[in-house]
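*Asks:* Sharing protein22.csv here; it has CSV, C-alpha atoms and all ligand atoms.
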chain,number,residue,atom,x,y,z
D,608,MET,CA,-11.2,-16.8,-6.2
D,609,LEU,CA,-13.8,-14.1,-6.3
D,610,GLU,CA,-16.8,-15.7,-7.9
D,611,GLU,CA,-19.5,-13.2,-7.1
D,612,PHE,CA,-19.4,-9.7,-5.5
D,613,GLY,CA,-20.5,-9.7,-1.9
D,614,LYS,CA,-19.9,-13.4,-1.4
D,615,PRO,CA,-17.0,-15.1,0.4
D,616,LEU,CA,-14.0,-15.9,-1.7
D,617,VAL,CA,-13.9,-19.6,-2.8
D,618,VAL,CA,-10.7,-21.6,-2.6
D,619,GLN,CA,-10.4,-24.0,-5.5
D,620,GLU,CA,-8.0,-25.5,-8.1
D,621,VAL,CA,-7.7,-23.5,-11.3
D,622,GLU,CA,-5.2,-23.9,-14.2
D,623,LEU,CA,-2.3,-21.5,-14.6
D,624,ALA,CA,-0.5,-21.4,-18.0
D,625,GLU,CA,3.3,-21.3,-18.3
D,626,PRO,CA,4.8,-17.8,-18.4
D,627,GLY,CA,4.9,-16.1,-21.8
D,628,PRO,CA,7.6,-13.8,-23.1
D,629,GLY,CA,8.6,-11.3,-20.4
D,630,GLU,CA,6.6,-13.2,-17.8
D,631,VAL,CA,7.5,-15.0,-14.6
D,632,LEU,CA,6.0,-17.9,-12.7
D,633,VAL,CA,6.3,-17.1,-9.0
D,634,ARG,CA,5.7,-19.5,-6.1
D,635,LEU,CA,4.1,-17.4,-3.4
D,636,VAL,CA,5.2,-18.0,0.1
D,637,ASN,CA,3.2,-15.2,1.9
D,638,CYS,CA,0.5,-12.7,1.1
D,639,GLY,CA,-1.0,-9.9,3.1
D,640,VAL,CA,-4.8,-9.3,3.2
D,641,CYS,CA,-5.6,-5.7,2.3
D,642,HIS,CA,-8.6,-3.4,2.1
D,643,THR,CA,-8.3,-3.1,-1.6
D,644,ASP,CA,-9.0,-6.9,-1.9
D,645,LEU,CA,-12.0,-6.5,0.4
D,646,TYR,CA,-13.2,-3.4,-1.5
D,647,THR,CA,-13.2,-5.3,-4.8
D,648,ALA,CA,-14.7,-8.5,-3.3
D,649,SER,CA,-17.6,-6.4,-1.8
D,650,GLY,CA,-18.6,-5.1,-5.2
D,651,ALA,CA,-18.1,-1.4,-4.0
D,652,ASP,CA,-15.4,-0.8,-6.5
D,653,PRO,CA,-17.1,0.2,-9.7
D,654,SER,CA,-14.1,-0.9,-11.8
D,655,GLY,CA,-14.1,-4.4,-10.2
D,656,TYR,CA,-14.7,-7.6,-12.2
D,657,ALA,CA,-15.4,-11.3,-11.4
D,658,PRO,CA,-14.5,-14.1,-11.6
D,659,ALA,CA,-10.9,-13.2,-10.7
D,660,VAL,CA,-8.1,-14.3,-8.4
D,661,LEU,CA,-7.6,-11.5,-5.9
D,662,GLY,CA,-4.6,-10.7,-3.7
D,663,HIS,CA,-1.8,-8.2,-4.3
D,664,GLU,CA,0.5,-8.2,-1.2
D,665,GLY,CA,2.6,-11.1,-2.3
D,666,ALA,CA,6.2,-12.3,-1.6
D,667,GLY,CA,7.7,-15.5,-3.0
D,668,VAL,CA,10.3,-17.2,-5.1
D,669,VAL,CA,10.8,-17.2,-8.8
D,670,GLU,CA,10.0,-20.7,-10.1
D,671,ARG,CA,10.4,-20.4,-13.9
D,672,VAL,CA,10.8,-17.6,-16.4
D,673,GLY,CA,9.4,-17.1,-19.9
D,674,ALA,CA,11.4,-16.0,-23.0
D,675,ASP,CA,13.2,-12.7,-22.9
D,676,VAL,CA,13.2,-12.4,-19.1
D,677,THR,CA,16.3,-10.6,-17.9
D,678,LEU,CA,15.3,-8.9,-14.7
D,679,VAL,CA,14.9,-12.0,-12.5
D,680,ALA,CA,16.0,-15.7,-12.5
D,681,PRO,CA,14.7,-18.9,-10.9
D,682,GLY,CA,15.4,-18.9,-7.1
D,683,ASP,CA,15.2,-15.1,-6.8
D,684,HIS,CA,13.1,-13.8,-3.9
D,685,VAL,CA,10.6,-11.3,-5.0
D,686,VAL,CA,7.9,-8.9,-3.8
D,687,THR,CA,4.9,-8.4,-6.2
D,688,LEU,CA,4.2,-4.9,-7.5
D,689,PHE,CA,0.8,-3.8,-8.4
D,690,SER,CA,2.6,-0.6,-9.5
D,691,PRO,CA,5.2,-1.8,-12.0
D,692,GLN,CA,8.4,-0.1,-13.2
D,693,CYS,CA,9.2,-0.7,-16.9
D,694,GLY,CA,12.1,1.7,-16.8
D,695,GLU,CA,11.4,3.0,-20.3
D,696,CYS,CA,8.1,4.9,-20.4
D,697,VAL,CA,7.9,8.7,-20.1
D,698,HIS,CA,6.9,8.4,-16.4
D,699,CYS,CA,9.6,5.8,-15.5
D,700,ARG,CA,12.2,8.1,-17.1
D,701,SER,CA,11.0,11.0,-15.0
D,702,PRO,CA,12.1,11.2,-11.3
D,703,LYS,CA,8.8,13.1,-10.6
D,704,THR,CA,6.4,10.1,-10.7
D,705,ASN,CA,6.2,6.4,-10.2
D,706,LEU,CA,3.0,5.9,-12.4
D,707,CYS,CA,4.5,3.5,-15.0
D,708,MET,CA,2.4,3.6,-18.1
D,709,ALA,CA,3.6,0.3,-19.7
D,710,ILE,CA,0.9,-2.2,-18.8
D,711,ARG,CA,-1.8,0.0,-17.1
D,712,GLU,CA,-4.6,-0.5,-19.5
D,713,GLN,CA,-4.5,-4.3,-19.7
D,714,GLN,CA,-3.8,-4.6,-15.9
D,715,ASN,CA,-6.9,-2.5,-15.1
D,716,LYS,CA,-9.0,-4.9,-17.2
D,717,GLY,CA,-7.6,-8.0,-15.5
D,718,TYR,CA,-5.2,-9.1,-18.3
D,719,LEU,CA,-1.5,-9.6,-18.6
D,720,PRO,CA,0.3,-7.1,-20.9
D,721,ASP,CA,-0.6,-9.0,-24.1
D,722,GLY,CA,-4.3,-8.7,-23.4
D,723,THR,CA,-4.8,-12.3,-22.4
D,724,THR,CA,-5.0,-14.3,-19.2
D,725,ARG,CA,-2.9,-17.2,-17.9
D,726,LEU,CA,-5.8,-18.3,-15.6
D,727,ARG,CA,-8.5,-20.6,-16.6
D,728,ARG,CA,-11.0,-23.1,-15.2
D,729,GLY,CA,-11.8,-25.6,-17.9
D,730,ALA,CA,-12.8,-23.6,-20.9
D,731,GLU,CA,-13.6,-20.5,-18.9
D,732,PRO,CA,-10.9,-17.8,-18.8
D,733,LEU,CA,-10.4,-16.1,-15.4
D,734,ARG,CA,-9.0,-12.7,-14.8
D,735,HIS,CA,-6.0,-11.5,-12.9
D,736,PHE,CA,-6.3,-8.8,-10.3
D,737,MET,CA,-4.0,-5.7,-10.0
D,738,GLY,CA,-1.6,-7.6,-12.2
D,739,THR,CA,-0.7,-9.8,-9.2
D,740,SER,CA,-3.4,-12.4,-8.2
D,741,THR,CA,-1.5,-13.5,-5.1
D,742,PHE,CA,-4.2,-15.2,-3.1
D,743,ALA,CA,-2.8,-18.3,-4.8
D,744,GLU,CA,0.1,-20.8,-4.5
D,745,TYR,CA,1.5,-19.7,-7.8
D,746,THR,CA,1.0,-16.7,-10.1
D,747,VAL,CA,2.3,-15.5,-13.5
D,748,MET,CA,3.3,-11.9,-13.6
D,749,PRO,CA,5.2,-9.5,-15.9
D,750,GLN,CA,8.9,-9.3,-14.9
D,751,ILE,CA,8.6,-5.5,-14.6
D,752,ALA,CA,6.2,-6.0,-11.7
D,753,LEU,CA,8.6,-7.9,-9.5
D,754,ALA,CA,11.0,-6.4,-7.1
D,755,LYS,CA,14.0,-8.7,-6.5
D,756,ILE,CA,14.9,-8.5,-2.8
D,757,ASP,CA,17.5,-9.7,-0.3
D,758,PRO,CA,17.0,-13.5,0.0
D,759,GLU,CA,17.8,-13.3,3.7
D,760,ALA,CA,14.6,-11.2,4.3
D,761,PRO,CA,11.8,-13.2,5.8
D,762,LEU,CA,9.1,-13.3,3.1
D,763,GLU,CA,6.3,-12.9,5.7
D,764,GLY,CA,7.5,-9.4,6.5
D,765,ALA,CA,8.5,-8.7,2.9
D,766,ALA,CA,4.9,-9.2,1.8
D,767,LEU,CA,3.9,-6.1,3.7
D,768,PHE,CA,6.3,-4.1,1.5
D,769,ALA,CA,4.1,-5.0,-1.5
D,770,CYS,CA,1.5,-2.4,-0.6
D,771,GLY,CA,0.6,-0.6,2.7
D,772,LEU,CA,3.9,-0.4,4.4
D,773,SER,CA,5.8,0.8,1.4
D,774,THR,CA,3.0,3.3,0.6
D,775,GLY,CA,3.4,4.9,4.0
D,776,LEU,CA,7.2,4.8,4.1
D,777,GLY,CA,7.3,6.2,0.5
D,778,ALA,CA,4.8,9.0,1.3
D,779,ALA,CA,7.2,10.3,3.9
D,780,LEU,CA,10.5,9.5,2.2
D,781,ARG,CA,9.7,10.0,-1.5
D,782,THR,CA,6.5,12.1,-2.0
D,783,ALA,CA,6.9,14.5,0.9
D,784,LYS,CA,10.7,14.2,1.3
D,785,VAL,CA,10.5,14.9,5.0
D,786,GLU,CA,13.4,17.0,6.2
D,787,PRO,CA,15.3,16.4,9.4
D,788,GLY,CA,14.3,18.4,12.5
D,789,THR,CA,10.7,19.0,11.2
D,790,THR,CA,7.3,18.3,12.6
D,791,ALA,CA,5.0,15.6,10.9
D,792,VAL,CA,1.4,14.8,11.7
D,793,VAL,CA,0.0,11.4,10.5
D,794,PHE,CA,-3.8,10.9,10.4
D,795,GLY,CA,-4.6,7.2,10.6
D,796,ALA,CA,-2.6,4.5,12.2
D,797,GLY,CA,-3.3,1.6,9.9
D,798,MET,CA,-0.6,-0.1,7.8
D,799,VAL,CA,-0.2,3.1,5.7
D,800,GLY,CA,-0.2,5.6,8.5
D,801,LEU,CA,2.2,3.5,10.6
D,802,GLY,CA,4.4,3.4,7.6
D,803,ALA,CA,4.3,7.1,7.3
D,804,VAL,CA,5.2,7.4,11.0
D,805,ALA,CA,8.2,5.1,10.5
D,806,GLY,CA,9.2,6.9,7.3
D,807,SER,CA,9.1,10.3,9.1
D,808,ARG,CA,11.3,8.9,11.8
D,809,LEU,CA,13.8,7.5,9.2
D,810,ALA,CA,13.8,10.9,7.6
D,811,GLY,CA,14.8,12.5,10.9
D,812,ALA,CA,11.6,14.4,11.8
D,813,GLU,CA,11.9,15.8,15.3
D,814,ARG,CA,8.3,15.6,16.3
D,815,ILE,CA,5.8,13.0,14.9
D,816,VAL,CA,2.2,13.3,16.0
D,817,CYS,CA,-0.1,10.4,15.1
D,818,VAL,CA,-3.9,10.8,15.1
D,819,ASP,CA,-6.2,7.8,15.2
D,820,LEU,CA,-9.4,6.8,16.9
D,821,SER,CA,-8.0,3.6,18.4
D,822,PRO,CA,-5.8,3.7,21.5
D,823,GLU,CA,-4.3,0.3,20.6
D,824,ARG,CA,-3.2,1.7,17.2
D,825,LEU,CA,-1.8,4.8,18.7
D,826,ALA,CA,0.3,2.6,21.0
D,827,LEU,CA,1.7,0.9,17.8
D,828,ALA,CA,2.4,4.3,16.4
D,829,GLU,CA,4.6,5.1,19.5
D,830,GLY,CA,6.5,1.9,18.7
D,831,GLN,CA,7.2,3.2,15.2
D,832,GLY,CA,8.5,6.5,16.4
D,833,ALA,CA,5.5,8.8,17.1
D,834,THR,CA,6.5,11.3,19.8
D,835,ASP,CA,2.9,12.4,20.5
D,836,THR,CA,-0.4,10.8,19.9
D,837,LEU,CA,-3.9,12.2,19.7
D,838,VAL,CA,-7.4,10.7,19.6
D,839,GLY,CA,-9.0,12.0,16.3
D,840,GLY,CA,-12.2,13.9,16.0
D,841,PRO,CA,-13.5,17.4,15.1
D,842,ASP,CA,-11.0,19.1,17.4
D,843,ALA,CA,-7.9,17.5,15.9
D,844,VAL,CA,-6.8,20.5,13.9
D,845,GLN,CA,-7.1,22.9,16.8
D,846,GLN,CA,-5.2,20.5,19.0
D,847,ILE,CA,-2.4,20.3,16.4
D,848,LEU,CA,-2.3,24.1,16.1
D,849,ASP,CA,-2.1,24.3,19.9
D,850,MET,CA,0.8,21.8,19.9
D,851,THR,CA,2.7,23.8,17.2
D,852,GLY,CA,2.6,27.3,18.5
D,853,GLY,CA,-0.5,28.0,16.4
D,854,PHE,CA,1.2,27.3,13.1
D,855,GLY,CA,0.6,23.7,12.2
D,856,ALA,CA,2.9,21.0,11.0
D,857,ASP,CA,5.6,21.1,8.3
D,858,TYR,CA,4.2,17.8,6.9
D,859,THR,CA,0.9,16.2,7.3
D,860,PHE,CA,-0.2,12.8,6.0
D,861,GLU,CA,-3.7,11.5,5.5
D,862,ALA,CA,-4.0,7.7,5.7
D,863,THR,CA,-7.7,7.1,6.5
D,864,GLY,CA,-9.5,7.5,3.2
D,865,ASN,CA,-12.0,9.8,4.9
D,866,VAL,CA,-12.4,13.2,3.0
D,867,GLN,CA,-13.3,15.0,6.3
D,868,VAL,CA,-9.9,13.8,7.7
D,869,MET,CA,-8.2,14.9,4.4
D,870,ARG,CA,-9.5,18.3,5.0
D,871,GLN,CA,-8.2,18.3,8.5
D,872,ALA,CA,-4.8,17.2,7.2
D,873,VAL,CA,-4.8,20.2,4.8
D,874,GLU,CA,-5.8,22.6,7.6
D,875,ALA,CA,-3.2,21.2,10.1
D,876,ALA,CA,-0.4,21.9,7.6
D,877,ARG,CA,1.7,25.0,8.4
D,878,MET,CA,1.2,28.3,6.5
D,879,GLY,CA,4.1,29.2,4.3
D,880,TRP,CA,5.3,25.7,3.4
D,881,GLY,CA,3.2,23.0,5.0
D,882,LEU,CA,2.8,20.0,2.7
D,883,CYS,CA,-0.2,17.7,3.1
D,884,THR,CA,0.3,14.3,1.5
D,885,VAL,CA,-2.9,12.4,0.8
D,886,ALA,CA,-2.5,8.6,0.6
D,887,GLY,CA,-6.0,7.5,1.6
D,888,VAL,CA,-8.4,6.5,-1.1
D,889,ALA,CA,-11.8,8.2,-0.9
D,890,GLY,CA,-15.1,6.6,-1.8
D,891,LYS,CA,-16.4,7.1,-5.3
D,892,GLY,CA,-18.1,10.4,-5.9
D,893,GLU,CA,-16.6,12.0,-2.8
D,894,TYR,CA,-14.9,15.4,-2.9
D,895,LEU,CA,-12.2,17.0,-0.8
D,896,GLU,CA,-13.2,20.4,0.5
D,897,VAL,CA,-10.4,22.9,0.6
D,898,ILE,CA,-10.7,26.6,1.5
D,899,PRO,CA,-8.6,28.3,-1.2
D,900,ARG,CA,-7.1,30.8,1.3
D,901,PHE,CA,-5.3,27.8,2.9
D,902,LEU,CA,-3.4,27.4,-0.4
D,903,ILE,CA,-2.8,31.1,-1.0
D,904,GLN,CA,-1.1,31.0,2.4
D,905,GLY,CA,1.4,28.6,1.2
D,906,ARG,CA,0.1,25.2,2.1
D,907,ARG,CA,0.4,22.5,-0.6
D,908,ILE,CA,-1.4,19.2,-1.2
D,909,ALA,CA,0.2,16.2,-2.9
D,910,GLY,CA,-1.3,12.8,-3.7
D,911,SER,CA,0.7,9.7,-3.4
D,912,SER,CA,0.2,6.4,-5.0
D,913,PHE,CA,2.3,3.5,-3.7
D,914,GLY,CA,4.2,6.2,-1.8
D,915,GLY,CA,5.7,7.6,-5.0
D,916,LEU,CA,8.0,4.6,-5.0
D,917,LYS,CA,9.5,3.2,-8.2
D,918,GLY,CA,8.9,-0.4,-7.1
D,919,ARG,CA,11.8,-2.4,-8.6
D,920,GLU,CA,14.3,0.1,-7.4
D,921,ASP,CA,12.9,1.4,-4.1
D,922,VAL,CA,11.3,-1.7,-2.5
D,923,PRO,CA,14.6,-3.6,-2.3
D,924,LEU,CA,16.2,-0.6,-0.7
D,925,LEU,CA,13.4,-0.4,1.9
D,926,ILE,CA,13.8,-4.1,2.6
D,927,ASP,CA,17.6,-3.5,3.1
D,928,ARG,CA,16.8,-0.8,5.7
D,929,TRP,CA,14.5,-3.3,7.4
D,930,MET,CA,17.3,-5.9,7.4
D,931,ALA,CA,19.7,-3.3,8.7
D,932,GLY,CA,17.5,-2.9,11.8
D,933,GLU,CA,16.0,0.5,10.9
D,934,LEU,CA,12.4,-0.8,10.7
D,935,ASP,CA,10.4,-3.0,13.1
D,936,VAL,CA,8.0,-4.9,10.9
D,937,ASP,CA,6.9,-7.7,13.3
D,938,PRO,CA,4.3,-5.6,15.2
D,939,PHE,CA,2.3,-5.2,11.9
D,940,ILE,CA,1.7,-9.0,11.5
D,941,SER,CA,-1.2,-9.5,13.8
D,942,HIS,CA,-2.6,-12.8,12.4
D,943,ARG,CA,-1.0,-15.7,10.5
D,944,ILE,CA,-3.6,-17.6,8.5
D,945,SER,CA,-3.8,-20.2,5.7
D,946,LEU,CA,-5.3,-19.6,2.3
D,947,ASP,CA,-8.4,-21.4,3.4
D,948,GLU,CA,-8.9,-18.8,6.1
D,949,VAL,CA,-8.8,-15.8,3.7
D,950,ASN,CA,-12.4,-14.8,4.5
D,951,THR,CA,-11.4,-14.8,8.2
D,952,GLY,CA,-8.7,-12.3,7.1
D,953,PHE,CA,-11.4,-10.1,5.7
D,954,ALA,CA,-13.5,-10.4,8.8
D,955,LEU,CA,-10.6,-9.5,11.1
D,956,MET,CA,-9.9,-6.5,8.9
D,957,HIS,CA,-13.5,-5.4,8.9
D,958,ALA,CA,-13.4,-5.6,12.7
D,959,GLN,CA,-10.1,-3.6,12.8
D,960,ASP,CA,-8.6,-6.6,14.7
D,961,GLY,CA,-4.9,-6.1,14.2
D,962,ILE,CA,-3.0,-4.4,11.4
D,963,ARG,CA,-2.4,-7.2,8.9
D,964,SER,CA,-3.3,-10.8,8.5
D,965,VAL,CA,-0.7,-12.6,6.5
D,966,ILE,CA,-1.4,-15.8,4.6
D,967,ALA,CA,1.3,-18.5,4.6
D,968,PHE,CA,1.1,-20.9,1.7
P,1001,LIG,N1,-2.2,5.5,-2.1
P,1001,LIG,C1,-2.0,4.2,-2.2
P,1001,LIG,O1,-1.3,3.8,-3.0
P,1001,LIG,C2,-2.6,3.3,-1.2
P,1001,LIG,C3,-2.2,2.0,-1.0
P,1001,LIG,C4,-2.8,1.3,0.0
P,1001,LIG,C5,-3.8,1.8,0.8
P,1001,LIG,N2,-4.3,3.1,0.5
P,1001,LIG,C6,-5.4,3.7,1.3
P,1001,LIG,O2,-4.8,4.2,2.5
P,1001,LIG,C7,-5.8,4.3,3.5
P,1001,LIG,C8,-5.3,3.6,4.7
P,1001,LIG,O3,-5.1,2.2,4.5
P,1001,LIG,P1,-4.8,1.3,5.8
P,1001,LIG,O4,-4.6,-0.1,5.3
P,1001,LIG,O5,-3.8,1.9,6.6
P,1001,LIG,O6,-6.3,1.4,6.5
P,1001,LIG,P2,-6.8,1.1,7.9
P,1001,LIG,O7,-8.3,1.0,7.9
P,1001,LIG,O8,-6.1,-0.1,8.6
P,1001,LIG,O9,-6.4,2.4,8.7
P,1001,LIG,C9,-7.1,3.6,8.7
P,1001,LIG,C10,-7.0,4.2,10.1
P,1001,LIG,O10,-7.7,5.4,10.1
P,1001,LIG,C11,-8.3,5.6,11.4
P,1001,LIG,N3,-9.3,6.7,11.4
P,1001,LIG,C12,-10.6,6.6,11.0
P,1001,LIG,N4,-11.2,7.7,11.1
P,1001,LIG,C13,-10.3,8.6,11.7
P,1001,LIG,C14,-10.4,9.9,12.1
P,1001,LIG,N5,-11.5,10.7,12.0
P,1001,LIG,N6,-9.3,10.5,12.6
P,1001,LIG,C15,-8.1,9.8,12.7
P,1001,LIG,N7,-8.0,8.5,12.3
P,1001,LIG,C16,-9.1,7.9,11.8
P,1001,LIG,C17,-8.8,4.2,11.8
P,1001,LIG,O11,-8.9,4.1,13.2
P,1001,LIG,C18,-7.7,3.3,11.2
P,1001,LIG,O12,-6.7,3.0,12.2
P,1001,LIG,C19,-7.1,3.6,2.8
P,1001,LIG,O13,-7.9,4.6,2.3
P,1001,LIG,C20,-6.5,2.8,1.7
P,1001,LIG,O14,-7.4,2.5,0.7
P,1001,LIG,C21,-3.7,3.8,-0.4
P,1002,ZN,ZN,-3.0,-3.3,-0.5
P,1003,ZN,ZN,7.2,2.6,-17.1
For this file, write the structure as structure tokens.
*Replies:*
Amino acid sequence: MLEEFGKPLVVQEVELAEPGPGEVLVRLVNCGVCHTDLYTASGADPSGYAPAVLGHEGAGVVERVGADVTLVAPGDHVVTLFSPQCGECVHCRSPKTNLCMAIREQQNKGYLPDGTTRLRRGAEPLRHFMGTSTFAEYTVMPQIALAKIDPEAPLEGAALFACGLSTGLGAALRTAKVEPGTTAVVFGAGMVGLGAVAGSRLAGAERIVCVDLSPERLALAEGQGATDTLVGGPDAVQQILDMTGGFGADYTFEATGNVQVMRQAVEAARMGWGLCTVAGVAGKGEYLEVIPRFLIQGRRIAGSSFGGLKGREDVPLLIDRWMAGELDVDPFISHRISLDEVNTGFALMHAQDGIRSVIAF
């Protein structure tokens, strides 16, 4: 529970109402601890609100369903989606975007689609977070925000597909649509960047360069298929140009959230057709500086939210590829913690100790 910005989260009992029409009660088994939770808890996010139950990288089992629920049934294993897929709105019907419009407005305000909350503490209503609120043993969510996955998939690893890992994989596979035999450069080797490295490998990229400041993280990138690694800094663009005959890469990915690095990712993309995919989230009020000539010369920039994935359709497919042995997820789970240790998870993340702490309920 986020009681007050800038203060540690508080673990306590609150009441959770039964699922309403189109809603599902999920028993959470695991949940990853992500920067977005910390960002909101710190008070840095101007659209944040408190009190609220944080958490959005959940995986669990459907316990009960409300009226009119057709997409999942009790016993189904699910991954929570902060980016839902209603299947009917103008964006869901287009193959060009995953930005479902169905419940956006209420979700951003901390409510379920009908504009109310299922969480309360005595008389006080409490808000949901990202439509998920998965730092909890149970949550009530809209059925359109649950991806039904292979029940054989370990839920601990599946939780990572709720956010960062899918974001990186999708950035390569869906947003950029990396082609076989190409060169990809990934800036940042956190959960998102490592996912983009793995996604580029799955897509058949011939050369995958990963850029990060941390040698340990670059070693993890090699484990995910990076063929070259580079310590980041002001020379990164020149180094990439030197590695690519002066041209730059067919695909670049930005997964640091730093606008200076975003600029490097644009400039490291190849003239003619280089595509820079920005997945990192910049701070409020920051701008990305781009010299227009770079665009005239054929470089393109794309943004990617949740890797451009349509969650209910695509997340189960990614999990299947994991189960088929195409992805190695274990190296991302660096710490296993209890819900009571959620603030430790924040501290570890702040210290860049490991890629993901995963809560087991
Ligand atoms: N678009 C989306 O839907 C989405 C989803 C989840 C996260 N994100 C964003 O993606 C970004 C990455 O998330 P994460 O969980 O992987 O974060 P992270 O902090 O674990 O990883 C960021 C990495 O960038 C590296 N880095 C920092 N400065 C660098 C530099 N100058 N050159 C090269 N590398 C540098 C760091 O060493 C770190 O390893 C964040 O901005 C996050 O908010 C976006
Ligand atoms: Zn996240
Ligand atoms: Zn939709």
*Asks:* Between chain D and ligand ZN 1002 (chain P), at 7 Å or less, what are the per-residue closest atom pairs and their distances in Å? Count all atoms listed in the file, order by chain and rising residue number, and return it as a Markdown table.
*Replies:*
| residue | atom | partner | partner_atom | distance |
| --- | --- | --- | --- | --- |
| D:Cys641 | CA | P:ZN1002 | ZN | 4.5 |
| D:His642 | CA | P:ZN1002 | ZN | 6.2 |
| D:Thr643 | CA | P:ZN1002 | ZN | 5.4 |
| D:His663 | CA | P:ZN1002 | ZN | 6.3 |
| D:Glu664 | CA | P:ZN1002 | ZN | 6.1 |
| D:Cys770 | CA | P:ZN1002 | ZN | 4.6 |
| D:Gly771 | CA | P:ZN1002 | ZN | 5.5 |
*Asks:* Which one is closest to ligand LIG 1001 (chain P): D:Gly839, D:Pro758, D:Gly673, D:Gly961? Count all atoms listed in the file.
*Replies:*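 Ranking D:Gly839, D:Pro758, D:Gly673, D:Gly961 by distance to ligand LIG 1001 (chain P), first place goes to D:Gly839.
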*Asks:* Would you kindly return, as a VMD selection string, each protein, DNA or RNA residue with an atom no farther than 10 Å from any atom of D:Pro615, considering only C-alpha atoms and excluding same-chain residues fewer than 6 positions away?
*Replies:* chain D and resid 608 to 609 645 648 to 649 949 to 951 953
*Asks:* Would you mind exporting the chosen residues as a CSV table (one decimal), in the frame of the given file, restricted to C-alpha atoms?
*Replies:*
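Heads up, here's the output in result19.csv:
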chain,number,residue,atom,x,y,z
D,608,MET,CA,-11.2,-16.8,-6.2
D,609,LEU,CA,-13.8,-14.1,-6.3
D,645,LEU,CA,-12.0,-6.5,0.4
D,648,ALA,CA,-14.7,-8.5,-3.3
D,649,SER,CA,-17.6,-6.4,-1.8
D,949,VAL,CA,-8.8,-15.8,3.7
D,950,ASN,CA,-12.4,-14.8,4.5
D,951,THR,CA,-11.4,-14.8,8.2
D,953,PHE,CA,-11.4,-10.1,5.7
*Asks:* Hey, which of D:Leu616, D:Ala779, D:Cys638, D:Ala730 ends up closest to D:Leu916? Count all atoms listed in the file.
*Replies:*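 Closest candidate: D:Ala779.
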*Asks:* Between D:Arg671, D:Lys614, D:Arg728, D:Lys784, which residue has the minimum interatomic distance to D:Tyr745, considering all atoms listed in the file?
*Replies:*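 Checking each candidate against D:Tyr745, we get D:Arg671 as the closest.
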*Asks:* Assuming the input is short of atoms at stretch 922-934 of chain D, produce N, CA and C atoms for that part as an mmCIF file, in the frame of the given file.
*Replies:*
data_model
loop_
_atom_site.group_PDB
_atom_site.id
_atom_site.type_symbol
_atom_site.label_atom_id
_atom_site.label_comp_id
_atom_site.auth_asym_id
_atom_site.auth_seq_id
_atom_site.Cartn_x
_atom_site.Cartn_y
_atom_site.Cartn_z
ATOM 1 N N VAL D 922 11.686 -0.673 -3.521
ATOM 2 C CA VAL D 922 11.300 -1.700 -2.500
ATOM 3 C C VAL D 922 12.464 -2.472 -2.004
ATOM 4 N N PRO D 923 13.408 -2.913 -2.878
ATOM 5 C CA PRO D 923 14.600 -3.600 -2.300
ATOM 6 C C PRO D 923 15.376 -2.751 -1.352
ATOM 7 N N LEU D 924 15.435 -1.436 -1.592
ATOM 8 C CA LEU D 924 16.200 -0.600 -0.700
ATOM 9 C C LEU D 924 15.488 -0.464 0.682
ATOM 10 N N LEU D 925 14.145 -0.411 0.653
ATOM 11 C CA LEU D 925 13.400 -0.400 1.900
ATOM 12 C C LEU D 925 13.619 -1.681 2.687
ATOM 13 N N ILE D 926 13.609 -2.790 1.963
ATOM 14 C CA ILE D 926 13.800 -4.100 2.600
ATOM 15 C C ILE D 926 15.235 -4.119 3.227
ATOM 16 N N ASP D 927 16.206 -3.523 2.539
ATOM 17 C CA ASP D 927 17.600 -3.500 3.100
ATOM 18 C C ASP D 927 17.600 -2.669 4.397
ATOM 19 N N ARG D 928 16.812 -1.600 4.449
ATOM 20 C CA ARG D 928 16.800 -0.800 5.700
ATOM 21 C C ARG D 928 16.143 -1.617 6.810
ATOM 22 N N TRP D 929 15.149 -2.408 6.459
ATOM 23 C CA TRP D 929 14.500 -3.300 7.400
ATOM 24 C C TRP D 929 15.593 -4.306 7.942
ATOM 25 N N MET D 930 16.310 -4.912 7.009
ATOM 26 C CA MET D 930 17.300 -5.900 7.400
ATOM 27 C C MET D 930 18.442 -5.267 8.203
ATOM 28 N N ALA D 931 18.680 -3.969 7.979
ATOM 29 C CA ALA D 931 19.700 -3.300 8.700
ATOM 30 C C ALA D 931 19.220 -2.867 10.134
ATOM 31 N N GLY D 932 17.970 -3.200 10.440
ATOM 32 C CA GLY D 932 17.500 -2.900 11.800
ATOM 33 C C GLY D 932 16.805 -1.567 11.938
ATOM 34 N N GLU D 933 16.605 -0.871 10.817
ATOM 35 C CA GLU D 933 16.000 0.500 10.900
ATOM 36 C C GLU D 933 14.499 0.450 11.009
ATOM 37 N N LEU D 934 13.905 -0.694 10.687
ATOM 38 C CA LEU D 934 12.400 -0.800 10.700
ATOM 39 C C LEU D 934 12.041 -2.027 11.513
#
